[in-house]
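**Student:** First, the structure itself, so that you have it in front of you.
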2 protein chains.
Amino acid sequence: MTHTINVKSNGNSKVLQCEDNDILLKVLLDNGYDINAYCGGQGICGKCKVKLAGNIQEASQADKNFLDESEINQGYRLSCMYKVDSDLEVILNIDEDITVMTSGHLTEFDIDLDLSKEIISISDATTENQLDYLKRIYEKTGTNKINYDNLKKLTDLKTEQKFTVLKWKDEILEIQTDNSVKDCYGLAVDIGTTTIVMYLLNLKTGQEVDISSFYNPQKKFGADVISRINYTFTNKNGTVKMRESIIEALNKGIKELTKDKKLGPNDICKVSIVGNTIMLHLLLGIDAITIAKAPYVPVFTDELDLKPEKVGINIHKEGIIQFLPSISGYVGADIMGDMLTINIDQLDGNNLLIDIGTNGEIVLNSGEKIYSCSAAAGPAFEGANITFGTAGVSGAISSFKIDKGKYDFSTINDKKPIGICGSGLLDMIAEFYKYDIIDSSGRIKEADALTGWKKEVLHKYKEQRAIKITDKKDWGKAIYLTQKDIREVQLAKGAIAAGIKILLKEMDLEDEEVNRVFIAGGFGNYINPDNACFIKIIPECLKDKIIQIGNGAGTGAKIYLLNKKAKNRAVKIKERVKYIELSVNQEFQNEYINSMNF
Amino acid sequence: MTHTINVKSNGNSKVLQCEDNDILLKVLLDNGYDINAYCGGQGICGKCKVKLAGNIQEASQADKNFLDESEINQGYRLSCMYKVDSDLEVILNIDEDITVMTSGHLTEFDIDLDLSKEIISISDATTENQLDYLKRIYEKTGTNKINYDNLKKLTDLKTEQKFTVLKWKDEILEIQTDNSVKDCYGLAVDIGTTTIVMYLLNLKTGQEVDISSFYNPQKKFGADVISRINYTFTNKNGTVKMRESIIEALNKGIKELTKDKKLGPNDICKVSIVGNTIMLHLLLGIDAITIAKAPYVPVFTDELDLKPEKVGINIHKEGIIQFLPSISGYVGADIMGDMLTINIDQLDGNNLLIDIGTNGEIVLNSGEKIYSCSAAAGPAFEGANITFGTAGVSGAISSFKIDKGKYDFSTINDKKPIGICGSGLLDMIAEFYKYDIIDSSGRIKEADALTGWKKEVLHKYKEQRAIKITDKKDWGKAIYLTQKDIREVQLAKGAIAAGIKILLKEMDLEDEEVNRVFIAGGFGNYINPDNACFIKIIPECLKDKIIQIGNGAGTGAKIYLLNKKAKNRAVKIKERVKYIELSVNQEFQNEYINSMNF
């Protein structure tokens with residue numbers, strides 16, 4: 001038996017067919033709808049809710065776990081748990097404006113490109129100078145290699161005729177007889193688990209021309225890397241689908257970045273890519289399952305220079321796609337980008353680098369030594385697993401303060417609050433801890449122990465102790481910080497704090513011996529450093545040494561794109577980095593438990 | 001109006017259609033028949049004769065220039081001059097067994113390969129050793145690069161599982177989980193203007209497994225390089241057709257070389273190719289027209305390492321096709337092969353190298369200096385332009401001596417004489433000069449000046465003075481050496497002798513200061529060195545210093561295939577070689593005229 005699903009999305013309407021008992025989430029995903037499914041469709045994140053009309057089923061237990069009564073009454077259901085048994089109408093509202101940290105604090109580096117377009121002409125051949133045409137071009141351009149397909153073009157070139165040579169290092173990539181040459185462009189791409197940022201740069205001037213940022217479309221297959229890997233091996237052609245979804249998004253991004261500038265994909269000659277190790281594997285269609293399970297071994301970590309056709313990214317067909325090197329399965333090329341950005345190979349003293357995303361990657365260098373580790377923080381700081389958590393979208397509460405018993409918060413784009421993003425979450429916990437509503441073990445105090453406004457903010461949310469942040473009357477939506485949310489943050493921050501401790505111990509350093517603390521990543525850039533120290537993510541004594549570098553990974557990709565020495569630097573840095581596996585580190589387990597408290 | 005042509009060829013029969021006035025040669029070539037057309041269809045070589053039946057046209061002047069009356073009466077006509085105007089029957093007999101010089105005097109060199117297949121297993125990954133899979137394989141195989149397509153295979157490999165790695169230098173070309181590994185094989189290919197030789201070698205043992213030799217199928221487009229180049233630019237898609245014909249022949253050769261050995265094209269992982277510069281251009285489908293006209297500049301001369309798909313040669317798809325470097329438009333990679341074979345980079349003293357084919361390429365080295373030139377000898381020594389000339393096929397008179405007024409000659413494969421090949425031609429001229437039937441200016445003496453048997457051998461052939469070699473009564477075919485033939489040889493030998501003189505002058509050396517004379521090439525190997533000196537191709541004082549090295553070009557290709565140092569040696573030799581263009585050298589013109597006489 002087939003059913004008809006009428007999907008209404010942002011004013012558009014489309015009719016789908018599905019079989020009896022098909023999972024609604026799967027039907028929507030298969031038809032190209034971009035539904036959040038952080039947990040990969042297991043009914044445990046509550047993010048895939050959709051509004052239904054028609055002959056709707058009763059709410060399931062999973063629905064009740066995540067949806068409040070009014071939502072259930074309005075027809076909201078978790079699509080991952082909904083087996084279609086009748087014709088339905090689905091109302092989607094999936095366009096969220098996302099605020100992605102795209103800026104980075106560029107360190108000083110020279111634009112020193114290895115790729116260029118030149119107009120050249122070669123001299124007349126004579127019987128006194130019978131040098132072959134290829135050698136003449138080599139001499140003129142300082143090259144000594146040529147892409148084979150260009151050889152055939154050489155006889156068409158009349159001597160003294162001008163033509164355009166696209167060269168990369170010592171290799172001629174393309175010869176064009178059309179001399180209406182545009183500049184070369186390049187893309188620096190930062191593939192995050194949650195969001196993707198693409199920077200379009202002019203490769204002659206080094207100037208940043210435009211930026212495009214959007215959700216990683218793979219999030220529909222799972223919010224975190226592990227659920228994505230799960231998807232790849234529990235679904236037919238899972239890895240292929242995972243790859244296709246991101247390639248499609250990147251090519252769409254290229255189209256959009258170039259369209260209003262009289263440019264085309266063909267004008268982009270070079271791409272540098274950062275991302276965590278799993279993102280890079282999936283982008284290449286390489287199974288990453290060995291990274292998901294002990295002993296967490298990736299297929300590759302080396303830097304790669306690939307031809308566009310091999311990757312599937314639609315740029316100049318003779319262009320180059322470069323992947324920055326990764327360190328290990330859980331310290332990826334994104335962290336290499338951070339390390340290039342802070343010039344880790346030129347820093348004196350002892351330097352700590354923390355990139356907080358789903359995982360907290362931590363790097364500590366002291367002289368020649370560089371140690372790194374990855375602390376499984378979980379996606380709490382990215383809004384997942386938090387009851388009213390959200391990514392950094394419009395309306396997310398991004399900072400929070402309490403002043404004389406009154407909340408003072410701001411939302412992204414000053415929109416009505418719709419949820420809490422990472423930086424807001426951290427602020428809330430720091431503030432409520434400061435005002436003693438949360439104790440140092442993370443427990444929300446009982447009403448009896450509180451007075452005045454502190455007592456008033458206490459609430460229950462779905463049987464749990466919770467703190468009210470907004471109410472429906474004033475703000476159009478009731479938002480709570482629940483006990484479970486605080487526990488999630490404790491797990492996340494404990495992991496990072498313990499990771500830092502382990503690296504310091506390995507290097508035999510005391511907290512106060514650290515000279516600089518670089519914080520990278522979107523979340524890291526928006527957090528209040530004082531609060532981060534106050535709840536002891538970062539040792540308190542380092543409060544004044546914190547430098548927020550923004551999207552260090554993306555900045556690193558730009559450096560890699562624009563500076564020919566970057567590749568060699570990255571390879572050398574990689575050789576120096578020792579990776580410490582925390583999952584089997586007994587000391588880490590102890591530190592982790594000790595670090596949960598505030 | 002269309003006509004029907006019924007082609008009978010070696011017992012097979014095929015019916016073709018053509019338009020009124022189509023050139024018969026073109027119709028036959030277009031339908032895949034392998035007709036000799038040395039002059040490219042200009043009616044000036046006489047090699048494209050075919051036997052016709054039906055309503056045949058009268059013999060044209062061109063027919064009469066090349067065919068005797070009995071042939072004309074039997075229905076032979078030059079197909080290049082025959083415009084089809086009625087239905088016809090064509091009788092072809094185009095299969096000639098060819099004797100190609102395939103052996104070479106191998107100098108001592110180590111088999112030192114850069115390509116190998118290994119069965120390896122990698123160790124279990126542990127949390128103490130999280131090295132990525134790729135790095136494990138690199139460590140095990142001493143590599144540091146990988147073909148991208150193999151990356152995807154890596155996750156399929158279980159640790160401790162055995163698998164086969166095909167590597168080239170520091171690069172992994174292929175990983176196979178099938179461990180029923182055969183050895184790797186390689187091909188050394190010598191692409192001559194007239195003949196092609198393919199050597200199949202085992203790349204583990206270095207052993208030569210088999211040889212295949214056949215006519216260069218491009219000969220149907222013209223006998224020499226210039227007529228081939230003419231074909232490329234006077235015919236639509238000429239270069240493409242030229243390329244396709246040789247690629248097809250090479251792939252057929254590979255099929256035949258591998259079929260009875262339980263091998264397939266996939267077992268061949270490496271190919272090294274020598275040939276003159278024009279052959280290499282045409283093999284890659286690169287227009288060589290700039291080599292044909294002053295200032296004779298080739299598109300490329302450098303060594304090349306190409307992927308099979310780029311060349312079109314059907315071997316292991318990740319294999320390597322290597323072209324040896326050339327020196328100039330007229331001193332090609334074949335001569336580089338000769339130079340590797342004689343170890344020119346390790347020889348003491350002054351050494352002369354002569355490779356006699358259509359062109360006579362000459363190399364002279366003295367200490368660090370290496371000079372080279374190319375003397376346009378013409379195809380006389382390859383049997384073209386000689387009235388009864390033929391290549392080294394069965395029945396070709398290949399040596400000739402006069403003993404007490406009686407001819408003593410031998411033919412290839414002891415078959416009935418059908419014509420004269422290069423070495424026989426040279427012997428004849430030396431002998432008749434020795435016996436004073438030809439004077440030192442190359443003129444066949446008049447009957448009045450001769451007596452006895454010498455007088456008897458004098459004949460006329462098509463109005464020309466000629467010397468009878470065989471008669472129809474005794475040998476089934478009358479063969480003559482004509483005055484024109486002698487002139488052709490004088491032009492050829494004069495060019496080579498003058499080239500040698502120019503190089504010696506440039507090096508400021510006297511004839512007797514040369515320590516060794518290496519003679520390479522099929523023709524060079526079969527000639528009688530004494531006779532070559534007697535008619536002054538080579539200075540007489542060097543008679544005892546001649547070393548015949550056989551197919552030095554092919555041997556050089558084998559060295560390049562088997563020894564990884566050869567490429568670098570060739571590149572360095574190329575840098576040392578100075579090419580001297582004879583066509584604009586006034587001294588050469590003078591020497592040429594002086595060198596025509598015997």
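Here, A, B, ... name the chains of the structure tokens in the order displayed, residue numbers run from 1 inside each chain, and ligands are numbered from 1 in the same displayed order.
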I need the chain A residues near chain B as a list in words; criterion: at most 6 Å, counting only C-alpha atoms.
**Tutor:**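 Listing them in order of chain and number gives Thr126, Thr127, Gln130, Asp132, Tyr133, Leu134, Lys152, Ile286, Pro295, Val297, Pro298, Val299 and Phe300 of chain A.
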**Student:** Could you pull the residues within 9 Å of Ser398 (chain A), counting only C-alpha atoms, minus those fewer than 6 positions along the same chain, as a PyMOL selection string?
**Tutor:** chain A and resi 392+409-412+420-425+427+526-527
**Student:** Output N, CA and C atoms for every residue in the selection just made, as a JSON list (two decimals), in the first residue's frame.
**Tutor:**
```
[["chain", "number", "residue", "atom", "x", "y", "z"],
["A", 392, "GLY", "N", 24.26, 28.13, 16.53],
["A", 392, "GLY", "CA", 24.33, 29.60, 16.56],
["A", 392, "GLY", "C", 23.44, 30.24, 15.52],
["A", 409, "PHE", "N", 20.19, 39.12, 28.86],
["A", 409, "PHE", "CA", 20.77, 38.24, 27.83],
["A", 409, "PHE", "C", 20.64, 38.85, 26.44],
["A", 410, "SER", "N", 21.42, 38.33, 25.53],
["A", 410, "SER", "CA", 21.28, 38.77, 24.14],
["A", 410, "SER", "C", 21.14, 37.55, 23.25],
["A", 411, "THR", "N", 20.46, 37.77, 22.13],
["A", 411, "THR", "CA", 20.28, 36.68, 21.17],
["A", 411, "THR", "C", 20.96, 37.06, 19.86],
["A", 412, "ILE", "N", 21.23, 36.05, 19.11],
["A", 412, "ILE", "CA", 21.87, 36.29, 17.80],
["A", 412, "ILE", "C", 20.89, 37.03, 16.90],
["A", 420, "ILE", "N", 19.05, 28.03, 23.22],
["A", 420, "ILE", "CA", 20.33, 28.42, 23.84],
["A", 420, "ILE", "C", 21.46, 27.83, 23.02],
["A", 421, "CYS", "N", 22.41, 28.69, 22.63],
["A", 421, "CYS", "CA", 23.58, 28.13, 21.95],
["A", 421, "CYS", "C", 24.73, 28.03, 22.95],
["A", 422, "GLY", "N", 25.82, 27.46, 22.53],
["A", 422, "GLY", "CA", 26.93, 27.09, 23.40],
["A", 422, "GLY", "C", 27.41, 28.18, 24.33],
["A", 423, "SER", "N", 27.65, 29.38, 23.78],
["A", 423, "SER", "CA", 28.22, 30.44, 24.62],
["A", 423, "SER", "C", 27.21, 30.90, 25.67],
["A", 424, "GLY", "N", 25.94, 30.91, 25.28],
["A", 424, "GLY", "CA", 24.90, 31.27, 26.24],
["A", 424, "GLY", "C", 24.80, 30.25, 27.36],
["A", 425, "LEU", "N", 24.91, 29.01, 26.97],
["A", 425, "LEU", "CA", 24.84, 27.91, 27.92],
["A", 425, "LEU", "C", 25.94, 28.02, 28.97],
["A", 427, "ASP", "N", 27.61, 30.70, 29.78],
["A", 427, "ASP", "CA", 27.35, 31.87, 30.63],
["A", 427, "ASP", "C", 26.32, 31.57, 31.72],
["A", 526, "TYR", "N", 33.07, 32.91, 20.81],
["A", 526, "TYR", "CA", 31.94, 33.64, 21.38],
["A", 526, "TYR", "C", 31.89, 33.54, 22.90],
["A", 527, "ILE", "N", 32.63, 32.58, 23.46],
["A", 527, "ILE", "CA", 32.50, 32.41, 24.91],
["A", 527, "ILE", "C", 33.15, 33.57, 25.66]]
```
**Student:** What lies within 7 Å of Ile573 (chain A) using only C-alpha atoms, ignoring chain neighbours under 4 positions off, as a VMD selection string?
**Tutor:** chain A and resid 345 569 577
**Student:** For region 29-41 of chain A, work out the shell of residues within 10 Å, counting only C-alpha atoms and skipping chain neighbours fewer than 2 positions away, then give it as a PyMOL selection string.
**Tutor:** chain A and resi 7+9+16+23-27+43-50+78-81+92-95+194+215+217-224+226-231+245+379+384-385
**Student:** For the residues in the current selection, export C-alpha atoms as a compact mmCIF listing (two decimals), in the first residue's frame.
**Tutor:**
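Written output follows (selection.txt):
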```
# COMPACT_ATOMS: atom_id res chain seq x y z
CA VAL A 7 5.05 18.48 2.04
CA SER A 9 7.93 23.97 3.02
CA LEU A 16 5.65 12.47 -2.30
CA ILE A 23 9.90 5.94 8.32
CA LEU A 24 8.84 9.55 7.71
CA LEU A 25 12.35 10.94 8.37
CA LYS A 26 13.83 8.61 5.76
CA VAL A 27 11.18 9.55 3.21
CA GLY A 43 14.74 8.94 18.69
CA ILE A 44 17.13 10.26 21.30
CA CYS A 45 17.83 13.85 20.29
CA GLY A 46 14.37 15.17 19.49
CA LYS A 47 15.64 17.46 16.75
CA CYS A 48 13.78 15.89 13.81
CA LYS A 49 10.32 17.02 14.87
CA VAL A 50 7.97 18.01 12.05
CA LEU A 78 9.54 13.10 15.80
CA SER A 79 9.81 12.07 12.15
CA CYS A 80 12.39 9.38 12.90
CA MET A 81 9.85 7.48 14.99
CA LEU A 92 8.33 22.08 7.40
CA ASN A 93 10.10 25.22 8.42
CA ILE A 94 13.69 24.29 7.98
CA ASP A 95 15.40 27.43 6.88
CA THR A 194 28.13 21.07 11.87
CA TYR A 215 25.21 23.70 7.52
CA PRO A 217 24.33 18.67 4.84
CA GLN A 218 25.59 15.43 6.37
CA LYS A 219 23.98 16.51 9.63
CA LYS A 220 20.81 14.88 8.37
CA PHE A 221 22.66 11.59 8.73
CA GLY A 222 23.68 12.33 12.33
CA ALA A 223 24.91 15.27 14.38
CA ASP A 224 28.28 13.95 15.34
CA ILE A 226 30.17 8.76 15.27
CA SER A 227 26.53 8.76 14.23
CA ARG A 228 27.63 9.62 10.69
CA ILE A 229 30.03 6.70 10.61
CA ASN A 230 27.22 4.54 11.99
CA TYR A 231 25.09 5.68 9.10
CA SER A 245 25.77 15.09 -0.04
CA PRO A 379 27.97 18.11 21.11
CA ALA A 384 22.79 19.10 20.69
CA ASN A 385 21.71 17.02 23.74
```
**Student:** Any chance you could list, as a JSON list (two decimals) with C-alpha atoms, in the first residue's frame, the residues in region 15-238 of chain B that come up helix (DSSP H, G or I) when DSSP is run on the backbone?
**Tutor:**
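Full text of part-v7.json as output:
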```json
[["chain", "number", "residue", "atom", "x", "y", "z"],
["B", 24, "LEU", "CA", 42.11, 2.77, -55.29],
["B", 25, "LEU", "CA", 44.95, 3.06, -52.75],
["B", 26, "LYS", "CA", 42.84, 5.26, -50.52],
["B", 27, "VAL", "CA", 39.88, 2.89, -50.73],
["B", 28, "LEU", "CA", 42.08, -0.06, -49.74],
["B", 29, "LEU", "CA", 43.82, 1.82, -46.88],
["B", 30, "ASP", "CA", 40.51, 3.13, -45.58],
["B", 61, "GLN", "CA", 53.04, 6.53, -67.42],
["B", 62, "ALA", "CA", 53.59, 6.00, -63.67],
["B", 63, "ASP", "CA", 52.73, 2.32, -64.09],
["B", 64, "LYS", "CA", 55.23, 2.06, -66.94],
["B", 65, "ASN", "CA", 57.93, 3.72, -64.85],
["B", 66, "PHE", "CA", 57.78, 0.99, -62.23],
["B", 69, "GLU", "CA", 55.51, -5.33, -69.47],
["B", 70, "SER", "CA", 54.68, -8.77, -68.13],
["B", 71, "GLU", "CA", 53.43, -7.25, -64.88],
["B", 72, "ILE", "CA", 51.31, -4.76, -66.77],
["B", 73, "ASN", "CA", 49.92, -7.56, -68.86],
["B", 74, "GLN", "CA", 49.11, -9.59, -65.76],
["B", 79, "SER", "CA", 46.96, 1.68, -56.79],
["B", 80, "CYS", "CA", 47.83, 5.28, -55.88],
["B", 81, "MET", "CA", 47.36, 6.34, -59.50],
["B", 133, "TYR", "CA", 46.93, 2.29, 7.57],
["B", 134, "LEU", "CA", 48.53, 4.19, 4.75],
["B", 135, "LYS", "CA", 51.62, 4.96, 6.81],
["B", 136, "ARG", "CA", 51.86, 1.30, 7.85],
["B", 137, "ILE", "CA", 51.94, 0.32, 4.21],
["B", 138, "TYR", "CA", 54.43, 3.06, 3.41],
["B", 139, "GLU", "CA", 56.72, 1.79, 6.16],
["B", 140, "LYS", "CA", 56.44, -1.79, 5.01],
["B", 141, "THR", "CA", 57.10, -0.98, 1.37],
["B", 148, "TYR", "CA", 44.36, 8.03, -4.94],
["B", 149, "ASP", "CA", 42.04, 5.27, -6.14],
["B", 150, "ASN", "CA", 43.80, 2.87, -3.80],
["B", 151, "LEU", "CA", 42.98, 4.88, -0.71],
["B", 152, "LYS", "CA", 39.42, 3.59, -0.80],
["B", 153, "LYS", "CA", 40.63, 0.03, -0.78],
["B", 154, "LEU", "CA", 42.54, 0.50, 2.43],
["B", 217, "PRO", "CA", 51.63, 0.11, -40.03],
["B", 218, "GLN", "CA", 52.15, 3.81, -40.69],
["B", 219, "LYS", "CA", 54.20, 2.86, -43.71],
["B", 220, "LYS", "CA", 50.95, 2.77, -45.65],
["B", 221, "PHE", "CA", 50.86, 6.54, -45.14],
["B", 225, "VAL", "CA", 59.01, 10.50, -41.81],
["B", 226, "ILE", "CA", 58.51, 13.41, -44.17],
["B", 227, "SER", "CA", 55.84, 11.70, -46.25],
["B", 228, "ARG", "CA", 54.11, 10.69, -43.02],
["B", 229, "ILE", "CA", 54.10, 14.26, -41.77],
["B", 230, "ASN", "CA", 52.82, 15.34, -45.18],
["B", 231, "TYR", "CA", 50.00, 12.87, -44.75],
["B", 232, "THR", "CA", 49.09, 14.30, -41.36],
["B", 233, "PHE", "CA", 48.47, 17.76, -42.67],
["B", 234, "THR", "CA", 47.07, 16.96, -46.09],
["B", 238, "GLY", "CA", 45.70, 12.72, -40.48]]
```
**Student:** Write out as number ranges by chain each polymer residue whose atoms come within 8 Å of Lys8 (chain A), counting only C-alpha atoms; drop sequence neighbours fewer than 5 positions from it.
**Tutor:** A: 13-14, 89-92
**Student:** For the residues in that selection, give me N, CA and C atoms as a PDB file, in the first residue's frame.
**Tutor:**
```pdb
ATOM      1  N   SER A  13       5.030  23.559  -2.091  1.00  0.00           N
ATOM      2  CA  SER A  13       4.304  22.338  -1.777  1.00  0.00           C
ATOM      3  C   SER A  13       4.740  21.251  -2.737  1.00  0.00           C
ATOM      4  N   LYS A  14       4.888  20.039  -2.226  1.00  0.00           N
ATOM      5  CA  LYS A  14       5.342  18.947  -3.094  1.00  0.00           C
ATOM      6  C   LYS A  14       4.693  17.664  -2.608  1.00  0.00           C
ATOM      7  N   GLU A  89      -0.103  15.335   5.676  1.00  0.00           N
ATOM      8  CA  GLU A  89       0.435  16.621   5.257  1.00  0.00           C
ATOM      9  C   GLU A  89       1.571  16.942   6.232  1.00  0.00           C
ATOM     10  N   VAL A  90       2.706  17.359   5.708  1.00  0.00           N
ATOM     11  CA  VAL A  90       3.858  17.684   6.551  1.00  0.00           C
ATOM     12  C   VAL A  90       4.194  19.152   6.351  1.00  0.00           C
ATOM     13  N   ILE A  91       4.300  19.872   7.445  1.00  0.00           N
ATOM     14  CA  ILE A  91       4.640  21.295   7.346  1.00  0.00           C
ATOM     15  C   ILE A  91       6.053  21.484   7.893  1.00  0.00           C
ATOM     16  N   LEU A  92       6.932  21.908   7.008  1.00  0.00           N
ATOM     17  CA  LEU A  92       8.331  22.077   7.403  1.00  0.00           C
ATOM     18  C   LEU A  92       8.667  23.562   7.478  1.00  0.00           C
TER      19      LEU A  92
END
```
**Student:** In Å to one decimal, how far is CA of Asp20 (chain A) from CA of Ser86 (chain A)?
**Tutor:**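 Going from CA of Ser86 (chain A) over to CA of Asp20 (chain A) covers 7.6 Å.
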**Student:** Out of region 372-587 of chain A, which residues get strand (DSSP E) from DSSP, as a PyMOL selection string?
**Tutor:** chain A and resi 372-375+396-403+406-411+419-420+458-461+464-470+479-482+516-520+546-550+577-579
**Student:** Write to file, as a JSON list (two decimals), in the first residue's frame, the residues of the selection just made, with C-alpha atoms.
**Tutor:**
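Result went into part.json, see below:
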```json
[["chain", "number", "residue", "atom", "x", "y", "z"],
["A", 372, "SER", "CA", 48.05, 16.79, 21.27],
["A", 373, "CYS", "CA", 44.94, 14.99, 22.41],
["A", 374, "SER", "CA", 41.25, 14.96, 21.75],
["A", 375, "ALA", "CA", 38.72, 15.06, 24.56],
["A", 396, "ALA", "CA", 19.81, 31.69, 19.98],
["A", 397, "ILE", "CA", 20.66, 33.10, 23.40],
["A", 398, "SER", "CA", 24.37, 33.68, 23.01],
["A", 399, "SER", "CA", 25.28, 35.54, 26.18],
["A", 400, "PHE", "CA", 23.71, 35.67, 29.59],
["A", 401, "LYS", "CA", 24.27, 37.68, 32.74],
["A", 402, "ILE", "CA", 22.43, 38.22, 35.98],
["A", 403, "ASP", "CA", 22.32, 41.69, 37.35],
["A", 406, "LYS", "CA", 17.40, 40.23, 36.67],
["A", 407, "TYR", "CA", 18.46, 38.33, 33.57],
["A", 408, "ASP", "CA", 20.35, 40.29, 30.96],
["A", 409, "PHE", "CA", 20.77, 38.24, 27.83],
["A", 410, "SER", "CA", 21.28, 38.77, 24.14],
["A", 411, "THR", "CA", 20.28, 36.68, 21.17],
["A", 419, "GLY", "CA", 16.86, 28.41, 22.31],
["A", 420, "ILE", "CA", 20.33, 28.42, 23.84],
["A", 458, "LEU", "CA", 13.23, 27.08, 39.90],
["A", 459, "HIS", "CA", 10.88, 24.95, 37.82],
["A", 460, "LYS", "CA", 10.21, 21.43, 36.67],
["A", 461, "TYR", "CA", 10.55, 20.55, 33.04],
["A", 464, "GLN", "CA", 13.31, 17.26, 35.86],
["A", 465, "ARG", "CA", 14.55, 20.04, 38.06],
["A", 466, "ALA", "CA", 15.08, 23.08, 35.80],
["A", 467, "ILE", "CA", 15.79, 26.81, 35.82],
["A", 468, "LYS", "CA", 13.43, 29.00, 33.85],
["A", 469, "ILE", "CA", 15.18, 31.26, 31.36],
["A", 470, "THR", "CA", 12.25, 32.77, 29.45],
["A", 479, "ILE", "CA", 12.96, 28.13, 27.65],
["A", 480, "TYR", "CA", 14.51, 26.13, 30.50],
["A", 481, "LEU", "CA", 17.96, 25.06, 31.57],
["A", 482, "THR", "CA", 17.48, 21.55, 32.95],
["A", 516, "ARG", "CA", 49.50, 31.73, 25.96],
["A", 517, "VAL", "CA", 46.15, 30.03, 25.60],
["A", 518, "PHE", "CA", 44.73, 30.15, 22.08],
["A", 519, "ILE", "CA", 41.05, 29.38, 21.78],
["A", 520, "ALA", "CA", 39.82, 28.48, 18.33],
["A", 546, "ILE", "CA", 43.62, 33.78, 26.60],
["A", 547, "ILE", "CA", 43.71, 34.77, 22.92],
["A", 548, "GLN", "CA", 40.60, 34.03, 20.90],
["A", 549, "ILE", "CA", 41.66, 33.35, 17.32],
["A", 550, "GLY", "CA", 38.24, 32.81, 15.73],
["A", 577, "VAL", "CA", 53.26, 16.31, 17.08],
["A", 578, "LYS", "CA", 52.89, 13.42, 19.47],
["A", 579, "TYR", "CA", 49.30, 12.28, 19.86]]
```
**Student:** Could you list, as a ChimeraX atom specification, every residue within 7 Å of region 332-340 of chain A, counting only C-alpha atoms and ignoring same-chain residues fewer than 3 positions away?
**Tutor:** /A:274-277,324-329,343-344,552-557,570
**Student:** One decimal, in Å: what's the spacing between CA of Leu263 (chain B) and CA of Asp190 (chain B)?
**Tutor:**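 CA of Asp190 (chain B) lies 21.5 Å from CA of Leu263 (chain B).
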